[in-house]
>>> print(open('entry_20.cif').read())   # mmCIF, C-alpha atoms and all ligand atoms
data_target
#
loop_
_atom_site.label_atom_id
_atom_site.label_comp_id
_atom_site.auth_asym_id
_atom_site.auth_seq_id
_atom_site.Cartn_x
_atom_site.Cartn_y
_atom_site.Cartn_z
CA MET A 1 -25.50 -32.44 -45.19
CA PRO A 2 -27.78 -33.25 -42.23
CA ALA A 3 -27.59 -36.58 -40.39
CA LEU A 4 -31.26 -37.22 -41.09
CA THR A 5 -33.71 -35.66 -43.51
CA ILE A 6 -37.36 -36.67 -43.52
CA ARG A 7 -39.70 -35.24 -46.13
CA GLN A 8 -43.47 -35.67 -46.18
CA LEU A 9 -43.24 -39.06 -44.52
CA ARG A 10 -46.50 -40.97 -44.45
CA LYS A 11 -47.41 -44.32 -43.00
CA ARG A 12 -50.71 -46.10 -43.15
CA TYR A 13 -50.73 -49.51 -41.49
CA PRO A 14 -52.62 -52.35 -43.20
CA ASN A 15 -55.41 -51.98 -40.61
CA GLY A 16 -56.02 -48.45 -41.93
CA VAL A 17 -54.37 -46.52 -39.06
CA GLU A 18 -52.69 -43.38 -40.42
CA ALA A 19 -49.70 -43.29 -38.10
CA LEU A 20 -47.75 -40.60 -39.99
CA ARG A 21 -49.48 -37.86 -41.93
CA GLY A 22 -46.66 -36.11 -43.76
CA ILE A 23 -43.74 -35.52 -41.42
CA ASP A 24 -40.86 -33.14 -42.20
CA LEU A 25 -37.81 -33.30 -39.99
CA ASN A 26 -34.12 -32.42 -40.15
CA VAL A 27 -31.53 -33.59 -37.68
CA GLU A 28 -28.17 -31.87 -38.05
CA ARG A 29 -24.87 -33.70 -37.72
CA GLY A 30 -23.66 -33.88 -34.17
CA ASP A 31 -27.06 -32.96 -32.77
CA PHE A 32 -28.68 -34.47 -29.70
CA TYR A 33 -32.33 -34.55 -30.72
CA ALA A 34 -35.38 -35.39 -28.61
CA LEU A 35 -38.37 -36.83 -30.44
CA LEU A 36 -41.30 -36.44 -28.08
CA GLY A 37 -45.02 -36.98 -28.18
CA PRO A 38 -47.85 -38.73 -26.37
CA ASN A 39 -48.42 -42.48 -26.72
CA GLY A 40 -49.53 -43.41 -30.20
CA ALA A 41 -48.21 -40.17 -31.72
CA GLY A 42 -46.01 -41.98 -34.25
CA LYS A 43 -42.51 -41.87 -32.74
CA THR A 44 -41.78 -45.59 -32.97
CA THR A 45 -43.22 -45.73 -36.48
CA THR A 46 -40.92 -42.87 -37.54
CA ILE A 47 -37.90 -44.63 -36.05
CA GLY A 48 -39.01 -47.88 -37.66
CA VAL A 49 -39.15 -46.30 -41.11
CA VAL A 50 -35.81 -44.52 -40.69
CA SER A 51 -34.12 -47.79 -39.73
CA SER A 52 -35.88 -49.76 -42.51
CA LEU A 53 -37.90 -51.95 -40.15
CA VAL A 54 -41.22 -50.47 -41.22
CA THR A 55 -42.14 -49.76 -44.85
CA LYS A 56 -43.38 -46.24 -45.51
CA SER A 57 -46.45 -45.33 -47.52
CA GLY A 58 -44.96 -42.12 -48.90
CA GLY A 59 -42.25 -39.50 -48.58
CA ASP A 60 -38.45 -39.56 -48.49
CA VAL A 61 -35.88 -40.38 -45.86
CA GLU A 62 -32.14 -39.80 -46.16
CA VAL A 63 -29.52 -40.81 -43.62
CA PHE A 64 -26.28 -38.87 -44.16
CA GLY A 65 -27.44 -38.34 -47.73
CA HIS A 66 -28.22 -42.03 -48.38
CA SER A 67 -31.80 -42.63 -49.42
CA ILE A 68 -33.47 -45.53 -47.61
CA ASP A 69 -35.06 -46.44 -50.97
CA THR A 70 -32.07 -46.41 -53.30
CA ASP A 71 -29.15 -46.83 -50.85
CA ARG A 72 -30.80 -48.89 -48.15
CA GLU A 73 -27.73 -50.84 -47.04
CA LEU A 74 -25.59 -47.70 -46.78
CA ALA A 75 -28.35 -45.88 -44.90
CA LYS A 76 -28.70 -48.83 -42.51
CA SER A 77 -24.96 -48.98 -41.88
CA GLU A 78 -25.04 -45.36 -40.64
CA ILE A 79 -27.59 -46.20 -37.93
CA GLY A 80 -27.32 -47.88 -34.55
CA LEU A 81 -30.74 -48.66 -33.12
CA VAL A 82 -31.66 -49.29 -29.49
CA PRO A 83 -35.28 -50.40 -29.67
CA GLN A 84 -37.89 -49.94 -27.00
CA GLU A 85 -38.44 -53.59 -26.18
CA ILE A 86 -35.59 -55.80 -25.00
CA ASN A 87 -34.79 -57.94 -28.02
CA LEU A 88 -31.69 -59.80 -26.86
CA ASN A 89 -31.13 -63.50 -27.20
CA LEU A 90 -31.28 -64.08 -23.46
CA PHE A 91 -29.31 -67.34 -23.56
CA GLU A 92 -26.40 -65.90 -25.49
CA LYS A 93 -23.25 -64.63 -23.78
CA ILE A 94 -22.93 -60.88 -23.47
CA GLU A 95 -19.68 -60.58 -25.38
CA THR A 96 -20.96 -62.92 -28.12
CA ILE A 97 -24.08 -60.77 -28.59
CA VAL A 98 -21.97 -57.70 -29.34
CA VAL A 99 -19.36 -59.51 -31.44
CA ASN A 100 -22.02 -61.23 -33.57
CA GLN A 101 -23.73 -57.92 -34.23
CA GLY A 102 -20.40 -56.68 -35.61
CA GLY A 103 -20.49 -59.70 -37.90
CA TYR A 104 -23.92 -58.69 -39.26
CA TYR A 105 -22.37 -55.40 -40.30
CA GLY A 106 -19.42 -57.13 -41.95
CA LEU A 107 -16.74 -56.29 -39.38
CA PRO A 108 -13.77 -58.68 -39.32
CA ARG A 109 -14.00 -60.80 -36.16
CA ALA A 110 -10.86 -59.36 -34.57
CA LEU A 111 -12.19 -55.83 -34.98
CA ALA A 112 -15.63 -56.82 -33.68
CA LYS A 113 -13.97 -58.31 -30.59
CA GLN A 114 -11.91 -55.18 -30.05
CA ARG A 115 -14.99 -52.95 -30.33
CA ALA A 116 -17.04 -55.23 -28.08
CA GLU A 117 -14.36 -54.90 -25.42
CA LYS A 118 -14.24 -51.13 -25.82
CA TYR A 119 -18.00 -50.57 -25.54
CA LEU A 120 -18.65 -53.22 -22.90
CA LYS A 121 -15.95 -51.59 -20.79
CA GLU A 122 -17.37 -48.12 -21.35
CA LEU A 123 -20.84 -49.36 -20.42
CA LYS A 124 -19.50 -51.17 -17.34
CA LEU A 125 -20.45 -54.63 -18.57
CA TRP A 126 -17.02 -56.08 -19.31
CA ASP A 127 -16.86 -57.99 -16.01
CA ARG A 128 -20.07 -59.74 -17.00
CA ARG A 129 -18.97 -60.62 -20.55
CA ARG A 130 -19.12 -64.39 -20.02
CA ASP A 131 -22.53 -64.28 -18.37
CA ILE A 132 -25.70 -64.79 -20.38
CA ALA A 133 -28.02 -61.85 -21.04
CA ARG A 134 -30.82 -63.37 -18.99
CA ASN A 135 -28.81 -62.85 -15.80
CA LEU A 136 -28.48 -59.10 -16.30
CA SER A 137 -30.65 -56.53 -14.55
CA GLY A 138 -33.03 -54.39 -16.62
CA GLY A 139 -30.60 -51.46 -16.66
CA MET A 140 -27.73 -53.73 -17.73
CA LYS A 141 -29.78 -55.22 -20.56
CA ARG A 142 -30.45 -51.69 -21.85
CA ARG A 143 -26.73 -50.88 -21.66
CA LEU A 144 -25.96 -54.10 -23.52
CA MET A 145 -28.36 -53.03 -26.27
CA ILE A 146 -26.47 -49.73 -26.49
CA ALA A 147 -23.09 -51.52 -26.79
CA ARG A 148 -24.60 -53.77 -29.46
CA ALA A 149 -25.92 -50.75 -31.37
CA LEU A 150 -22.49 -49.10 -31.33
CA VAL A 151 -20.28 -51.99 -32.42
CA HIS A 152 -20.24 -50.89 -36.09
CA GLU A 153 -19.67 -47.29 -34.94
CA PRO A 154 -22.68 -45.75 -36.65
CA ARG A 155 -22.75 -41.98 -37.08
CA LEU A 156 -26.40 -41.87 -35.99
CA LEU A 157 -27.56 -43.54 -32.78
CA ILE A 158 -31.33 -43.83 -32.30
CA LEU A 159 -32.67 -44.77 -28.90
CA ASP A 160 -36.36 -45.48 -28.32
CA GLU A 161 -37.11 -44.99 -24.61
CA PRO A 162 -33.64 -46.14 -23.52
CA THR A 163 -34.14 -45.48 -19.82
CA ALA A 164 -37.72 -46.72 -19.41
CA GLY A 165 -38.00 -48.41 -16.03
CA VAL A 166 -34.33 -47.87 -15.22
CA ASP A 167 -33.63 -46.43 -11.78
CA ILE A 168 -32.46 -42.86 -11.50
CA GLU A 169 -28.83 -43.61 -10.64
CA ILE A 170 -28.32 -45.90 -13.64
CA ARG A 171 -30.24 -43.44 -15.79
CA ARG A 172 -27.73 -40.74 -14.88
CA THR A 173 -24.76 -42.98 -15.77
CA MET A 174 -26.42 -43.67 -19.11
CA TRP A 175 -26.88 -39.94 -19.63
CA ASP A 176 -23.17 -39.36 -18.98
CA PHE A 177 -22.26 -42.04 -21.50
CA LEU A 178 -24.63 -40.71 -24.17
CA ARG A 179 -23.34 -37.19 -23.64
CA GLU A 180 -19.80 -38.43 -24.06
CA ILE A 181 -20.37 -40.27 -27.33
CA ASN A 182 -22.32 -37.26 -28.60
CA GLU A 183 -19.31 -35.09 -27.76
CA ARG A 184 -17.13 -37.56 -29.67
CA GLY A 185 -19.29 -36.84 -32.73
CA THR A 186 -22.16 -39.32 -32.80
CA THR A 187 -25.52 -37.76 -33.67
CA ILE A 188 -28.20 -38.97 -31.27
CA ILE A 189 -31.97 -39.14 -31.55
CA LEU A 190 -33.84 -40.11 -28.44
CA THR A 191 -37.46 -40.70 -27.56
CA THR A 192 -38.36 -40.57 -23.92
CA HIS A 193 -41.22 -40.22 -21.50
CA TYR A 194 -38.95 -38.53 -19.02
CA LEU A 195 -39.08 -34.94 -20.16
CA GLU A 196 -36.38 -34.10 -17.66
CA GLU A 197 -34.15 -36.44 -19.64
CA ALA A 198 -34.87 -34.59 -22.88
CA GLU A 199 -34.38 -31.22 -21.22
CA THR A 200 -31.09 -32.29 -19.67
CA LEU A 201 -29.56 -33.96 -22.71
CA CYS A 202 -31.02 -32.64 -25.91
CA ARG A 203 -30.26 -29.50 -27.90
CA HIS A 204 -33.16 -29.86 -30.30
CA VAL A 205 -36.68 -31.06 -29.80
CA GLY A 206 -39.31 -32.35 -32.17
CA ILE A 207 -42.79 -32.91 -30.82
CA ILE A 208 -45.05 -35.21 -32.76
CA ASP A 209 -48.75 -35.53 -32.15
CA ALA A 210 -51.25 -37.63 -34.08
CA GLY A 211 -48.79 -38.25 -36.90
CA THR A 212 -47.75 -34.63 -37.48
CA ILE A 213 -44.84 -32.58 -36.23
CA VAL A 214 -46.08 -29.74 -34.04
CA ILE A 215 -42.71 -28.36 -32.97
CA ASP A 216 -39.20 -28.76 -34.40
CA ALA A 217 -36.87 -26.24 -32.82
CA PRO A 218 -33.84 -25.74 -30.60
CA MET A 219 -34.60 -26.71 -27.00
CA LYS A 220 -33.86 -23.22 -25.73
CA ASP A 221 -36.38 -21.67 -28.15
CA VAL A 222 -38.99 -24.21 -27.18
CA LEU A 223 -38.50 -23.50 -23.49
CA ARG A 224 -38.71 -19.78 -24.20
CA ARG A 225 -42.22 -20.30 -25.56
CA LEU A 226 -43.44 -21.22 -22.13
CA GLN A 227 -46.02 -18.66 -21.14
CA ARG A 228 -45.98 -19.46 -17.50
CA GLU A 229 -43.26 -20.39 -15.09
CA THR A 230 -43.52 -22.19 -11.81
CA PHE A 231 -41.36 -21.61 -8.76
CA VAL A 232 -41.15 -23.47 -5.48
CA LEU A 233 -41.14 -21.23 -2.42
CA ASN A 234 -39.74 -22.55 0.83
CA PRO A 235 -41.37 -20.92 3.88
CA ARG A 236 -39.64 -20.70 7.27
CA GLU A 237 -42.36 -22.95 8.74
CA PRO A 238 -43.96 -25.72 6.61
CA LEU A 239 -47.47 -24.68 5.58
CA SER A 240 -50.72 -26.57 5.94
CA THR A 241 -52.76 -24.20 3.77
CA VAL A 242 -51.93 -21.47 1.29
CA PRO A 243 -53.56 -18.03 1.28
CA VAL A 244 -55.57 -16.74 -1.66
CA ILE A 245 -53.75 -13.80 -3.21
CA ASP A 246 -55.16 -11.96 -6.20
CA GLY A 247 -53.19 -12.36 -9.41
CA TYR A 248 -51.10 -15.33 -8.25
CA GLU A 249 -51.70 -19.06 -8.49
CA LEU A 250 -50.51 -20.64 -5.27
CA GLU A 251 -50.49 -24.32 -4.53
CA LEU A 252 -49.52 -26.28 -1.42
CA ARG A 253 -47.01 -29.08 -1.83
CA LYS A 254 -46.96 -32.27 0.25
CA ASP A 255 -43.69 -31.18 1.88
CA GLY A 256 -45.23 -27.93 3.19
CA ASP A 257 -43.55 -25.81 0.50
CA MET A 258 -45.62 -23.80 -1.92
CA GLU A 259 -45.66 -23.58 -5.70
CA ILE A 260 -46.33 -20.32 -7.41
CA SER A 261 -47.14 -20.07 -11.08
CA ILE A 262 -46.80 -16.71 -12.81
CA ASP A 263 -47.07 -15.35 -16.29
CA LYS A 264 -43.62 -14.86 -17.78
CA SER A 265 -44.31 -11.21 -18.44
CA SER A 266 -45.23 -10.51 -14.82
CA SER A 267 -42.88 -10.44 -11.87
CA LEU A 268 -42.54 -11.95 -8.44
CA ASN A 269 -41.96 -8.54 -6.87
CA GLY A 270 -44.68 -7.88 -4.40
CA ILE A 271 -45.60 -11.47 -3.64
CA PHE A 272 -43.15 -11.66 -0.75
CA ASP A 273 -44.70 -8.64 1.00
CA ARG A 274 -48.17 -9.99 0.47
CA LEU A 275 -47.21 -13.41 1.85
CA SER A 276 -45.55 -11.68 4.75
CA ALA A 277 -48.84 -9.88 5.47
CA HIS A 278 -50.33 -13.39 5.85
CA GLY A 279 -47.56 -14.23 8.32
CA ILE A 280 -45.59 -16.32 5.79
CA ASP A 281 -41.88 -15.72 5.64
CA ILE A 282 -40.10 -17.14 2.55
CA VAL A 283 -36.50 -18.21 3.11
CA SER A 284 -35.65 -19.52 -0.37
CA MET A 285 -37.08 -20.20 -3.78
CA ARG A 286 -36.14 -22.22 -6.84
CA PRO A 287 -37.55 -22.70 -10.33
CA LYS A 288 -39.56 -25.88 -10.61
CA SER A 289 -37.57 -28.25 -12.81
CA ASN A 290 -39.05 -29.91 -15.84
CA ARG A 291 -40.22 -26.85 -17.68
CA LEU A 292 -40.46 -28.97 -20.80
CA GLU A 293 -43.12 -31.02 -19.08
CA GLU A 294 -45.24 -27.92 -18.51
CA LEU A 295 -44.98 -26.96 -22.14
CA PHE A 296 -45.66 -30.47 -23.36
CA ILE A 297 -48.79 -30.82 -21.27
CA ASP A 298 -50.01 -27.40 -22.41
CA LEU A 299 -49.39 -28.12 -26.03
CA VAL A 300 -50.65 -31.66 -26.25
CA GLU A 301 -53.71 -31.07 -24.04
CA ASN A 302 -54.65 -27.95 -25.98
CA ARG A 303 -54.42 -29.82 -29.25
CA GLN A 304 -56.41 -32.70 -27.79
CA SER A 305 -59.20 -30.39 -26.60
CA ALA A 306 -59.20 -28.60 -29.98
CA ARG A 307 -59.61 -31.98 -31.67
CA ASN A 308 -62.40 -32.94 -29.29
CA ALA A 309 -64.17 -29.62 -29.94
CA GLU A 310 -63.81 -30.20 -33.69
CA ALA A 311 -65.23 -33.70 -33.40
CA LEU A 312 -68.25 -32.35 -31.52
CA SER A 313 -69.01 -29.51 -33.92
P1 LIG B 1 -45.59 -43.87 -30.40
O1 LIG B 1 -44.27 -44.55 -30.59
O2 LIG B 1 -45.51 -42.39 -30.53
O3 LIG B 1 -46.29 -44.32 -29.16
P2 LIG B 1 -46.45 -45.52 -32.63
O4 LIG B 1 -45.60 -45.16 -33.79
O5 LIG B 1 -46.11 -46.79 -31.89
O6 LIG B 1 -46.54 -44.29 -31.62
O7 LIG B 1 -47.96 -45.67 -33.12
C1 LIG B 1 -48.59 -44.70 -33.96
C2 LIG B 1 -49.98 -45.21 -34.34
O8 LIG B 1 -49.84 -46.34 -35.20
C3 LIG B 1 -50.82 -45.68 -33.17
O9 LIG B 1 -52.16 -45.36 -33.43
C4 LIG B 1 -50.60 -47.17 -33.17
O10 LIG B 1 -51.71 -47.85 -32.59
C5 LIG B 1 -50.48 -47.49 -34.64
N1 LIG B 1 -49.62 -48.66 -34.90
C6 LIG B 1 -48.34 -48.83 -34.50
N2 LIG B 1 -47.85 -50.00 -34.95
C7 LIG B 1 -48.85 -50.59 -35.64
C8 LIG B 1 -48.97 -51.83 -36.38
N3 LIG B 1 -47.95 -52.69 -36.48
N4 LIG B 1 -50.16 -52.08 -36.96
C9 LIG B 1 -51.18 -51.22 -36.88
N5 LIG B 1 -51.15 -50.04 -36.23
C10 LIG B 1 -50.00 -49.72 -35.62
#
>>> encode(input="entry_20.cif", output="structure tokens", more="lines below")
Ligand code: ADP
Amino acid sequence: MPALTIRQLRKRYPNGVEALRGIDLNVERGDFYALLGPNGAGKTTTIGVVSSLVTKSGGDVEVFGHSIDTDRELAKSEIGLVPQEINLNLFEKIETIVVNQGGYYGLPRALAKQRAEKYLKELKLWDRRRDIARNLSGGMKRRLMIARALVHEPRLLILDEPTAGVDIEIRRTMWDFLREINERGTTIILTTHYLEEAETLCRHVGIIDAGTIVIDAPMKDVLRRLQRETFVLNPREPLSTVPVIDGYELELRKDGDMEISIDKSSSLNGIFDRLSAHGIDIVSMRPKSNRLEELFIDLVENRQSARNAEALS
């Protein structure tokens, strides 16, 4: 039984916006799943429906086999949600916030306190437990929301843009934590604008665009679909211009390195000799990170231009 099954999910908001146009999605148990898409694609609406915050207009959703229509409370108890906007009571004490959340899920107070201690320690907030939420930094508030979402130990953790605006160092500590609880067995669904984050953490990726799923596949398969790959070449001397060489797309970077984009079926053999003929000696090269970003831009922009063309015809 999958952690999450979504069948033909539709949502039309009262203002007439069709946010979801029949979404099918499966998230396996233990998976680390990235739900991606441009702004307005329908990610937050999907998460809202799954966690019973938004009513659907059609379709079925099951969380660990519990229908959100007929077993709503059970379905809800399987989910821990970290929403996009900070929705903490800022004047409440940090420990109290987590303990009270345990109470909403019916945990005995002693157990809620024990869990609050465990997760606040793991998220490096225990020292601040008597402080009020308002005094925490942005990154700490996000971590507090994660501790709060975990207090009832849900089997499915859903995070909507958990690291938005969080600096890179804190983001990496959050990644380590999420990886660890995923390894302990929690299924995780994540939306993010940082495609590097999705590529680093997630084993599966679903891309949603204009209320439909355009890709739902293992990350490695998705990355394999990339038609082009980009490498960064580091010349012995920083460059101020790049030569024009037939068959290769070369681009100068601000740091004097050069990017080269090639079709996956072609090879880099030959480019080094040709650069050398232009007096450019390459000392090292590396793949440009964030391949997912390249794919995403390709896919979403192509669909957007197809839609525009359709609208014009
Ligand atoms: P994403 O999370 O991918 O950015 P959303 O699910 O927030 O996308 O939004 C999908 C579409 O639904 C957008 O066109 C958005 O403007 C619209 N929408 C979202 N929430 C509401 C709402 N409460 N009322 C009306 N329209 C909404």
>>> residues_around(input="entry_20.cif", residues="Gly48 of chain A", least_positions_apart="2", cutoff="12 Å", atoms="all atoms listed in the file", output="NGL selection string")
:A and (9 or 11 or 19-20 or 42-46 or 50-56 or 61 or 68 or 76 or 79 or 81-84 or 158-160)
>>> write_last_selection(input="entry_20.cif", atoms="C-alpha atoms", output="compact mmCIF listing (two decimals), keeping the file's coordinate frame")
# COMPACT_ATOMS: atom_id res chain seq x y z
CA LEU A 9 -43.24 -39.06 -44.52
CA LYS A 11 -47.41 -44.32 -43.00
CA ALA A 19 -49.70 -43.29 -38.10
CA LEU A 20 -47.75 -40.60 -39.99
CA GLY A 42 -46.01 -41.98 -34.25
CA LYS A 43 -42.51 -41.87 -32.74
CA THR A 44 -41.78 -45.59 -32.97
CA THR A 45 -43.22 -45.73 -36.48
CA THR A 46 -40.92 -42.87 -37.54
CA VAL A 50 -35.81 -44.52 -40.69
CA SER A 51 -34.12 -47.79 -39.73
CA SER A 52 -35.88 -49.76 -42.51
CA LEU A 53 -37.90 -51.95 -40.15
CA VAL A 54 -41.22 -50.47 -41.22
CA THR A 55 -42.14 -49.76 -44.85
CA LYS A 56 -43.38 -46.24 -45.51
CA VAL A 61 -35.88 -40.38 -45.86
CA ILE A 68 -33.47 -45.53 -47.61
CA LYS A 76 -28.70 -48.83 -42.51
CA ILE A 79 -27.59 -46.20 -37.93
CA LEU A 81 -30.74 -48.66 -33.12
CA VAL A 82 -31.66 -49.29 -29.49
CA PRO A 83 -35.28 -50.40 -29.67
CA GLN A 84 -37.89 -49.94 -27.00
CA ILE A 158 -31.33 -43.83 -32.30
CA LEU A 159 -32.67 -44.77 -28.90
CA ASP A 160 -36.36 -45.48 -28.32
>>> residues_near_ligand(input="entry_20.cif", ligand="ligand LIG 1 (chain B)", cutoff="8 Å", atoms="all atoms listed in the file", output="list in words")
Arg12, Tyr13, Pro14, Asn15, Gly16, Val17, Glu18, Ala19, Leu20, Leu36, Gly37, Pro38, Asn39, Gly40, Ala41, Gly42, Lys43, Thr44, Thr45, Thr46, Ile208, Asp209, Ala210 and Gly211 of chain A
>>> atom_distance(input="entry_20.cif", atom1="atom CA of Ala217 of chain A", atom2="atom CA of His204 of chain A")
5.8 Å
>>> closest_residue(input="entry_20.cif", among="A:Ile207, A:Val49, A:Met258, A:Ile271", to="Asn234 of chain A", atoms="all atoms listed in the file")
A:Met258
>>> residues_around(input="entry_20.cif", residues="Leu125 of chain A", least_positions_apart="4", cutoff="9 Å", atoms="only C-alpha atoms", output="PyMOL selection string")
chain A and resi 94+119-121+129+140+143-144
>>> residues_around(input="entry_20.cif", residues="Arg253 of chain A", least_positions_apart="5", cutoff="12 Å", atoms="all atoms listed in the file", output="PyMOL selection string")
chain A and resi 231-235+238-242+258-260+288
>>> atom_distance(input="entry_20.cif", atom1="atom CA of Thr186 of chain A", atom2="atom CA of Ser57 of chain A")
29.0 Å
>>> atom_distance(input="entry_20.cif", atom1="atom CA of Lys118 of chain A", atom2="atom CA of Arg72 of chain A")
27.9 Å
>>> closest_residue(input="entry_20.cif", among="A:Glu310, A:Glu251, A:Thr212, A:Thr230", to="Ser267 of chain A", atoms="all atoms listed in the file")
A:Thr230
>>> closest_residue(input="entry_20.cif", among="A:Val27, A:Ala133, A:Leu4, A:Ile86", to="Glu62 of chain A", atoms="all atoms listed in the file")
A:Leu4
>>> residues_near_point(input="entry_20.cif", point="(-20.3, -37.1, -30.5)", cutoff="10 Å", atoms="all atoms listed in the file", output="ChimeraX atom specification")
/A:29-32,155-157,178-188
>>> closest_residue(input="entry_20.cif", among="A:Arg128, A:Arg286, A:Arg172, A:Arg225", to="Thr200 of chain A", atoms="all atoms listed in the file")
A:Arg172
>>> residues_around(input="entry_20.cif", residues="Asn26 of chain A", least_positions_apart="6", cutoff="9 Å", atoms="all atoms listed in the file", output="VMD selection string")
chain A and resid 2 to 7 216
>>> write_last_selection(input="entry_20.cif", atoms="C-alpha atoms", output="short mmCIF file (atom, residue, chain, number, x, y, z; two decimals), keeping the file's coordinate frame")
data_model
loop_
_atom_site.label_atom_id
_atom_site.label_comp_id
_atom_site.auth_asym_id
_atom_site.auth_seq_id
_atom_site.Cartn_x
_atom_site.Cartn_y
_atom_site.Cartn_z
CA PRO A 2 -27.78 -33.25 -42.23
CA ALA A 3 -27.59 -36.58 -40.39
CA LEU A 4 -31.26 -37.22 -41.09
CA THR A 5 -33.71 -35.66 -43.51
CA ILE A 6 -37.36 -36.67 -43.52
CA ARG A 7 -39.70 -35.24 -46.13
CA ASP A 216 -39.20 -28.76 -34.40
#
>>> closest_residue(input="entry_20.cif", among="A:Ala116, A:Ile213, A:Ala277, A:Leu136", to="Gly103 of chain A", atoms="only C-alpha atoms")
A:Ala116
>>> closest_residue(input="entry_20.cif", among="A:Ile282, A:Leu223, A:Ile189, A:Ile146", to="Gly256 of chain A", atoms="all atoms listed in the file")
A:Ile282
>>> axis_aligned_box(input="entry_20.cif", around="segment 153-159 of chain A", padding_each_side="3 Å", output="lines of an AutoDock Vina configuration file")
center_x = -26.2
center_y = -44.6
center_z = -33.0
size_x = 19.0
size_y = 11.4
size_z = 14.2
>>> decode(input="entry_20.cif", residues="segment 248-284 of chain A", atoms="C-alpha atoms", output="PDB file, in the first residue's frame")
ATOM      1  CA  TYR A 248      29.535  23.775 -29.589  1.00  0.00           C
ATOM      2  CA  GLU A 249      27.693  26.301 -27.449  1.00  0.00           C
ATOM      3  CA  LEU A 250      30.257  28.211 -25.439  1.00  0.00           C
ATOM      4  CA  GLU A 251      29.496  30.841 -22.864  1.00  0.00           C
ATOM      5  CA  LEU A 252      31.741  33.055 -20.758  1.00  0.00           C
ATOM      6  CA  ARG A 253      31.171  33.062 -17.010  1.00  0.00           C
ATOM      7  CA  LYS A 254      31.756  36.055 -14.731  1.00  0.00           C
ATOM      8  CA  ASP A 255      34.683  34.261 -13.087  1.00  0.00           C
ATOM      9  CA  GLY A 256      36.534  33.858 -16.414  1.00  0.00           C
ATOM     10  CA  ASP A 257      35.603  30.170 -16.713  1.00  0.00           C
ATOM     11  CA  MET A 258      33.599  28.938 -19.653  1.00  0.00           C
ATOM     12  CA  GLU A 259      30.424  26.886 -19.905  1.00  0.00           C
ATOM     13  CA  ILE A 260      29.971  24.414 -22.673  1.00  0.00           C
ATOM     14  CA  SER A 261      26.643  22.863 -23.505  1.00  0.00           C
ATOM     15  CA  ILE A 262      26.559  19.711 -25.612  1.00  0.00           C
ATOM     16  CA  ASP A 263      23.997  17.251 -26.812  1.00  0.00           C
ATOM     17  CA  LYS A 264      24.085  14.112 -24.685  1.00  0.00           C
ATOM     18  CA  SER A 265      24.683  11.949 -27.720  1.00  0.00           C
ATOM     19  CA  SER A 266      27.741  13.925 -28.797  1.00  0.00           C
ATOM     20  CA  SER A 267      31.106  13.982 -27.085  1.00  0.00           C
ATOM     21  CA  LEU A 268      33.587  16.467 -25.723  1.00  0.00           C
ATOM     22  CA  ASN A 269      36.436  14.821 -27.626  1.00  0.00           C
ATOM     23  CA  GLY A 270      37.887  17.318 -30.002  1.00  0.00           C
ATOM     24  CA  ILE A 271      36.850  20.469 -28.170  1.00  0.00           C
ATOM     25  CA  PHE A 272      40.091  20.596 -26.216  1.00  0.00           C
ATOM     26  CA  ASP A 273      42.226  20.563 -29.382  1.00  0.00           C
ATOM     27  CA  ARG A 274      40.065  23.210 -30.970  1.00  0.00           C
ATOM     28  CA  LEU A 275      40.267  25.434 -27.890  1.00  0.00           C
ATOM     29  CA  SER A 276      43.982  24.869 -27.824  1.00  0.00           C
ATOM     30  CA  ALA A 277      44.165  26.105 -31.433  1.00  0.00           C
ATOM     31  CA  HIS A 278      42.644  29.343 -30.084  1.00  0.00           C
ATOM     32  CA  GLY A 279      45.388  29.472 -27.448  1.00  0.00           C
ATOM     33  CA  ILE A 280      43.088  28.278 -24.637  1.00  0.00           C
ATOM     34  CA  ASP A 281      44.450  25.602 -22.366  1.00  0.00           C
ATOM     35  CA  ILE A 282      41.861  23.826 -20.155  1.00  0.00           C
ATOM     36  CA  VAL A 283      43.163  22.610 -16.805  1.00  0.00           C
ATOM     37  CA  SER A 284      39.971  21.119 -15.353  1.00  0.00           C
TER      38      SER A 284
END
